[in-house]
Each structure stands twice: as structure tokens, then as C-alpha cells.
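Structure data follow from model29.pdb (PDB, C-alpha atoms):
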```pdb
ATOM      1  CA  MET A   1      -4.993 -26.027   5.743
ATOM      2  CA  VAL A   2      -6.069 -22.379   6.135
ATOM      3  CA  LYS A   3      -3.221 -19.861   5.869
ATOM      4  CA  ASN A   4      -3.284 -16.155   6.733
ATOM      5  CA  TYR A   5      -0.754 -13.683   5.321
ATOM      6  CA  ILE A   6      -0.108  -9.977   5.218
ATOM      7  CA  PHE A   7       1.598  -8.495   2.152
ATOM      8  CA  LEU A   8       3.509  -5.411   3.194
ATOM      9  CA  GLY A   9       5.347  -2.943   1.000
ATOM     10  CA  PRO A  10       5.250   0.478  -0.600
ATOM     11  CA  PRO A  11       2.578   1.492  -3.116
ATOM     12  CA  GLY A  12       3.294   0.042  -6.558
ATOM     13  CA  VAL A  13       5.494  -2.816  -5.330
ATOM     14  CA  GLY A  14       3.088  -5.424  -6.709
ATOM     15  CA  LYS A  15       1.167  -6.520  -3.599
ATOM     16  CA  GLY A  16      -2.175  -6.648  -5.417
ATOM     17  CA  THR A  17      -0.854  -8.378  -8.522
ATOM     18  CA  LEU A  18       0.976 -11.052  -6.529
ATOM     19  CA  ALA A  19      -1.907 -11.530  -4.079
ATOM     20  CA  SER A  20      -4.287 -12.127  -7.018
ATOM     21  CA  LEU A  21      -1.942 -14.776  -8.437
ATOM     22  CA  ILE A  22      -1.577 -16.494  -5.052
ATOM     23  CA  GLN A  23      -5.355 -16.361  -4.555
ATOM     24  CA  GLU A  24      -5.816 -18.320  -7.786
ATOM     25  CA  GLU A  25      -3.123 -20.895  -7.069
ATOM     26  CA  LYS A  26      -3.712 -21.460  -3.347
ATOM     27  CA  ASN A  27      -7.430 -20.538  -3.120
ATOM     28  CA  ILE A  28      -6.696 -17.991  -0.378
ATOM     29  CA  LYS A  29      -8.992 -14.932  -0.213
ATOM     30  CA  HIS A  30      -7.243 -11.748  -1.408
ATOM     31  CA  ILE A  31      -8.447  -8.796   0.661
ATOM     32  CA  SER A  32      -7.385  -5.420  -0.712
ATOM     33  CA  THR A  33      -8.435  -2.430   1.360
ATOM     34  CA  GLY A  34      -7.566  -0.213  -1.616
ATOM     35  CA  GLU A  35      -9.964  -2.206  -3.806
ATOM     36  CA  ILE A  36     -12.689  -1.993  -1.146
ATOM     37  CA  PHE A  37     -12.226   1.777  -0.977
ATOM     38  CA  ARG A  38     -12.200   2.165  -4.795
ATOM     39  CA  ASN A  39     -15.444   0.129  -5.040
ATOM     40  CA  GLU A  40     -17.071   2.326  -2.399
ATOM     41  CA  MET A  41     -15.936   5.460  -4.280
ATOM     42  CA  LYS A  42     -17.317   4.060  -7.552
ATOM     43  CA  LYS A  43     -20.671   3.373  -5.882
ATOM     44  CA  LYS A  44     -20.550   6.889  -4.341
ATOM     45  CA  THR A  45     -21.489   5.504  -0.911
ATOM     46  CA  LYS A  46     -21.126   7.635   2.222
ATOM     47  CA  LEU A  47     -17.869   5.788   2.965
ATOM     48  CA  GLY A  48     -16.749   6.194  -0.649
ATOM     49  CA  LEU A  49     -17.262   9.949  -0.613
ATOM     50  CA  GLU A  50     -15.506  10.176   2.760
ATOM     51  CA  VAL A  51     -12.395   8.270   1.657
ATOM     52  CA  LYS A  52     -12.190   9.792  -1.858
ATOM     53  CA  ALA A  53     -10.748  13.101  -0.671
ATOM     54  CA  ILE A  54      -8.353  11.367   1.737
ATOM     55  CA  ILE A  55      -7.002   8.943  -0.889
ATOM     56  CA  GLU A  56      -6.673  11.622  -3.573
ATOM     57  CA  SER A  57      -4.538  13.701  -1.200
ATOM     58  CA  GLY A  58      -2.165  10.721  -0.840
ATOM     59  CA  ASP A  59      -2.902  10.192   2.854
ATOM     60  CA  TYR A  60      -4.218   7.064   4.620
ATOM     61  CA  VAL A  61      -7.849   6.465   5.548
ATOM     62  CA  PRO A  62      -8.128   6.746   9.373
ATOM     63  CA  ASP A  63      -7.495   3.563  11.375
ATOM     64  CA  ASN A  64     -10.979   3.413  12.919
ATOM     65  CA  ILE A  65     -12.687   3.263   9.493
ATOM     66  CA  THR A  66     -10.195   0.796   8.016
ATOM     67  CA  ASN A  67     -10.192  -1.443  11.122
ATOM     68  CA  GLU A  68     -13.982  -1.848  11.020
ATOM     69  CA  ILE A  69     -13.993  -2.709   7.305
ATOM     70  CA  VAL A  70     -11.219  -5.291   7.727
ATOM     71  CA  LYS A  71     -12.812  -6.797  10.846
ATOM     72  CA  ASN A  72     -16.109  -7.318   8.949
ATOM     73  CA  VAL A  73     -14.327  -9.007   6.044
ATOM     74  CA  LEU A  74     -12.164 -11.226   8.292
ATOM     75  CA  ASN A  75     -15.250 -12.408  10.171
ATOM     76  CA  SER A  76     -16.913 -13.676   6.985
ATOM     77  CA  ASP A  77     -17.416 -17.438   6.593
ATOM     78  CA  GLU A  78     -15.537 -17.418   3.259
ATOM     79  CA  VAL A  79     -12.393 -15.982   4.859
ATOM     80  CA  LYS A  80     -12.579 -18.376   7.808
ATOM     81  CA  LYS A  81     -12.764 -21.305   5.338
ATOM     82  CA  ARG A  82     -10.135 -20.131   2.821
ATOM     83  CA  GLY A  83      -7.689 -18.019   4.833
ATOM     84  CA  PHE A  84      -6.570 -14.604   3.629
ATOM     85  CA  ILE A  85      -3.939 -12.365   2.153
ATOM     86  CA  LEU A  86      -4.266  -8.835   3.498
ATOM     87  CA  ASP A  87      -3.010  -6.344   0.910
ATOM     88  CA  GLY A  88      -2.779  -2.732   2.036
ATOM     89  CA  TYR A  89      -3.569  -3.538   5.660
ATOM     90  CA  PRO A  90      -2.251  -3.021   8.248
ATOM     91  CA  ARG A  91      -0.630   0.268   7.295
ATOM     92  CA  THR A  92       0.082   1.525  10.800
ATOM     93  CA  VAL A  93       1.273  -0.016  14.067
ATOM     94  CA  ASN A  94      -2.178   0.810  15.543
ATOM     95  CA  GLN A  95      -3.790  -1.359  12.837
ATOM     96  CA  ALA A  96      -1.308  -4.184  13.508
ATOM     97  CA  GLU A  97      -2.131  -3.970  17.218
ATOM     98  CA  PHE A  98      -5.856  -4.076  16.323
ATOM     99  CA  LEU A  99      -5.267  -7.417  14.523
ATOM    100  CA  LYS A 100      -3.343  -8.740  17.519
ATOM    101  CA  GLU A 101      -6.006  -7.592  20.026
ATOM    102  CA  ASN A 102      -8.668  -9.312  17.906
ATOM    103  CA  LYS A 103      -6.588 -12.514  17.959
ATOM    104  CA  ILE A 104      -6.205 -12.691  14.173
ATOM    105  CA  ASN A 105      -3.788 -15.562  13.568
ATOM    106  CA  LEU A 106      -1.019 -14.879  11.031
ATOM    107  CA  ASP A 107       1.197 -17.423   9.283
ATOM    108  CA  GLY A 108       3.528 -14.802   7.853
ATOM    109  CA  VAL A 109       4.091 -11.192   6.913
ATOM    110  CA  ILE A 110       5.704 -10.871   3.496
ATOM    111  CA  LEU A 111       7.588  -7.619   2.911
ATOM    112  CA  LEU A 112       7.793  -6.947  -0.820
ATOM    113  CA  ASP A 113      10.773  -4.643  -1.066
ATOM    114  CA  ALA A 114      11.759  -2.303  -3.917
ATOM    115  CA  SER A 115      13.554   1.031  -4.181
ATOM    116  CA  ASP A 116      11.655   4.317  -4.477
ATOM    117  CA  LYS A 117      13.101   4.680  -7.999
ATOM    118  CA  VAL A 118      11.604   1.336  -9.135
ATOM    119  CA  ILE A 119       8.284   2.178  -7.434
ATOM    120  CA  MET A 120       8.084   5.588  -9.125
ATOM    121  CA  GLU A 121       8.814   4.039 -12.559
ATOM    122  CA  ARG A 122       6.150   1.355 -12.060
ATOM    123  CA  LEU A 123       3.455   3.738 -10.867
ATOM    124  CA  LEU A 124       4.126   6.245 -13.629
ATOM    125  CA  GLY A 125       4.161   3.343 -16.091
ATOM    126  CA  ARG A 126       0.557   2.480 -15.144
ATOM    127  CA  GLY A 127      -0.415   5.396 -17.363
ATOM    128  CA  LEU A 128      -2.264   7.491 -14.782
ATOM    129  CA  GLY A 129      -5.030   4.906 -14.690
ATOM    130  CA  ARG A 130      -5.876   5.878 -11.120
ATOM    131  CA  ALA A 131      -6.368   9.260  -9.506
ATOM    132  CA  ASP A 132      -3.446   8.585  -7.140
ATOM    133  CA  ASP A 133      -0.931   7.820  -9.958
ATOM    134  CA  ASP A 134       0.325  11.394 -10.267
ATOM    135  CA  PRO A 135       4.045  12.135  -9.563
ATOM    136  CA  LYS A 136       3.292  14.558  -6.686
ATOM    137  CA  ILE A 137       0.773  12.184  -5.111
ATOM    138  CA  ILE A 138       3.118   9.204  -5.580
ATOM    139  CA  SER A 139       5.837  11.146  -3.794
ATOM    140  CA  THR A 140       3.418  11.964  -0.953
ATOM    141  CA  ARG A 141       2.287   8.311  -0.791
ATOM    142  CA  LEU A 142       5.918   7.150  -0.500
ATOM    143  CA  ASP A 143       6.565   9.711   2.276
ATOM    144  CA  VAL A 144       3.434   8.571   4.129
ATOM    145  CA  TYR A 145       4.494   4.922   3.669
ATOM    146  CA  ASN A 146       7.978   5.665   5.049
ATOM    147  CA  LYS A 147       6.564   7.469   8.105
ATOM    148  CA  LYS A 148       3.505   5.361   8.946
ATOM    149  CA  THR A 149       4.006   1.879   7.466
ATOM    150  CA  LYS A 150       7.746   1.215   7.650
ATOM    151  CA  PRO A 151       7.549   0.884  11.477
ATOM    152  CA  LEU A 152       5.535  -2.308  10.833
ATOM    153  CA  ILE A 153       8.738  -3.950   9.606
ATOM    154  CA  ASN A 154      10.207  -3.862  13.131
ATOM    155  CA  PHE A 155       6.815  -4.696  14.687
ATOM    156  CA  TYR A 156       6.545  -7.940  12.675
ATOM    157  CA  LYS A 157      10.280  -8.720  13.015
ATOM    158  CA  ALA A 158       9.735  -8.684  16.782
ATOM    159  CA  GLU A 159       6.764 -11.056  16.304
ATOM    160  CA  ASN A 160       9.044 -13.378  14.277
ATOM    161  CA  LEU A 161       6.652 -13.244  11.302
ATOM    162  CA  LEU A 162       8.518 -11.097   8.756
ATOM    163  CA  VAL A 163       9.942 -12.502   5.519
ATOM    164  CA  THR A 164      11.502 -10.032   3.056
ATOM    165  CA  ILE A 165      11.331 -10.601  -0.707
ATOM    166  CA  ASN A 166      13.172  -8.560  -3.324
ATOM    167  CA  ALA A 167      10.298  -7.342  -5.527
ATOM    168  CA  GLU A 168      12.351  -5.458  -8.121
ATOM    169  CA  GLY A 169      12.150  -8.283 -10.690
ATOM    170  CA  THR A 170       9.493  -9.174 -13.218
ATOM    171  CA  ILE A 171       6.091 -10.348 -12.011
ATOM    172  CA  GLU A 172       7.156 -13.936 -12.712
ATOM    173  CA  GLU A 173      10.460 -13.581 -10.800
ATOM    174  CA  ASN A 174       8.705 -11.933  -7.844
ATOM    175  CA  TYR A 175       5.957 -14.576  -7.892
ATOM    176  CA  ASN A 176       8.526 -17.422  -7.823
ATOM    177  CA  ARG A 177      10.325 -15.782  -4.868
ATOM    178  CA  LEU A 178       6.998 -15.393  -3.086
ATOM    179  CA  ILE A 179       5.895 -18.997  -3.646
ATOM    180  CA  GLU A 180       9.271 -20.172  -2.327
ATOM    181  CA  ALA A 181       8.812 -18.024   0.786
ATOM    182  CA  ILE A 182       5.292 -19.230   1.616
ATOM    183  CA  ASN A 183       6.008 -22.909   0.888
TER     184      ASN A 183
END
```

I need this file expressed as C-alpha cells, please.
Amino acid sequence: MVKNYIFLGPPGVGKGTLASLIQEEKNIKHISTGEIFRNEMKKKTKLGLEVKAIIESGDYVPDNITNEIVKNVLNSDEVKKRGFILDGYPRTVNQAEFLKENKINLDGVILLDASDKVIMERLLGRGLGRADDDPKIISTRLDVYNKKTKPLINFYKAENLLVTINAEGTIEENYNRLIEAIN
């Protein structure tokens, strides 16, 4: 049976790591908007050059660009067959409303929750492997998350789709909590 999930949470909480593990176990397509953007930047496409400056400043890529990319991916045959985990989307209430308007069926929205302190330690522990893993940019990203993405918690609570998971444990602990929540 095809299942569709959104993984919600601050940067560095482990959405991508956990989505990759779930993708392997449950054969659900992991769709990471961050990964799509990083690939476009690597290829130096028009989109890649456009989003590079936005991402490096710590801000979000505008809804209209992100919505189109996600819509194209969700309409693919592979996603329709396997279901999906959206990681890094939606990030704003406008994006969530876009999904709803386009009648994208969701089985659950998993909020991976961790304190800013834990997030900061994790992101700094990645060893500045990415351009956005700088303390000032991390701080900006957390502020942007708190202003633009946190309202999604109430949006999906009202839709009766939100499940919160404590994501301050090890990858294995967080994975076990996640599997329990989606089963």
C-alpha cells in the first residue's frame, strides 16, 4: 500500500538521514528539496545559480520555485507507485496549502523535534561540510525555521495529521521511534 509522509523539523534534526533509512526499509521515495537544490547548484543550472545565493544567506527558496519542483516530482510515475517522504517541504503554510489545493494525499506528518542546542551541536559537528553549516548561518536558519516553518505544526495539528517524535537520541533511537509512529 502506497504511503505519503512529510518529515517536519528544524535543520539538522535528522530528517534526511531518517528518510533515507525509511526509504530503504519501506521502499518509499525520499524527496529532499535540499538535495534537489544542491544538485542543481552542483550542475550550475539556471535554477542552481538562482537558489545558491538564497540558500547561502540562510533564507528559504521562494514558494513558487519550490512548489513547481515538488509538483513535478510528485507527479512522476515512480512516486505514484512507491509513495513519498517529503523532507524539507513544505516549509511554509503557503506550501502546505499548495499541497492541499493539489489534492496531495498525506498519511501523516512526522515532526522530528529537538532543542536548538542539540541542533547547533549536530550541525557544527558535521564539520562544515556544507556552505550553510556556519554558526551564523545556522542561527539564521533556526530563526527562519521558527518564523516560517513552525506555524506548520498548528496547520497539521488542525488537519489531524501531526505526530511528534523526540529526535534528540541517537540515529538508531530516533529511527525506532519513527518506525513505531508510522506502523

If you apply the PyMOL selection byres ((chain A and resi 178) around 12) to this file, what residues do you get, as a PyMOL selection string?
chain A and resi 5+7+14-15+17-19+21-22+108-113+163-167+169+171-177+179-183

Suppose a student applies the PyMOL selection byres ((chain A and resi 57-59) around 8) to this structure; what residues should they get, written as a count of residues only?
12

Rounded to one decimal, what separation in Å do you get between atom CA of Arg82 of chain A and atom CA of Ile6 of chain A?
14.5 Å

For the file shown, what are the residues hit by the PyMOL selection byres ((chain A and resi 94-99) around 9), laid out as a PyMOL selection string?
chain A and resi 63-64+66-67+71+89-93+100-105+152+155-156

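One distance worth recording is that between atom CA of Lys150 of chain A and atom CA of Met41 of chain A, which is 26.9 Å.
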
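Take atom CA of Lys44 of chain A and atom CA of Tyr145 of chain A: the distance between them is 26.4 Å.
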
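Each of A:Thr170, A:Asn160, A:Asn27, A:Thr33 was compared to Val73 of chain A using only C-alpha atoms, and A:Thr33 turns out to be the nearest.
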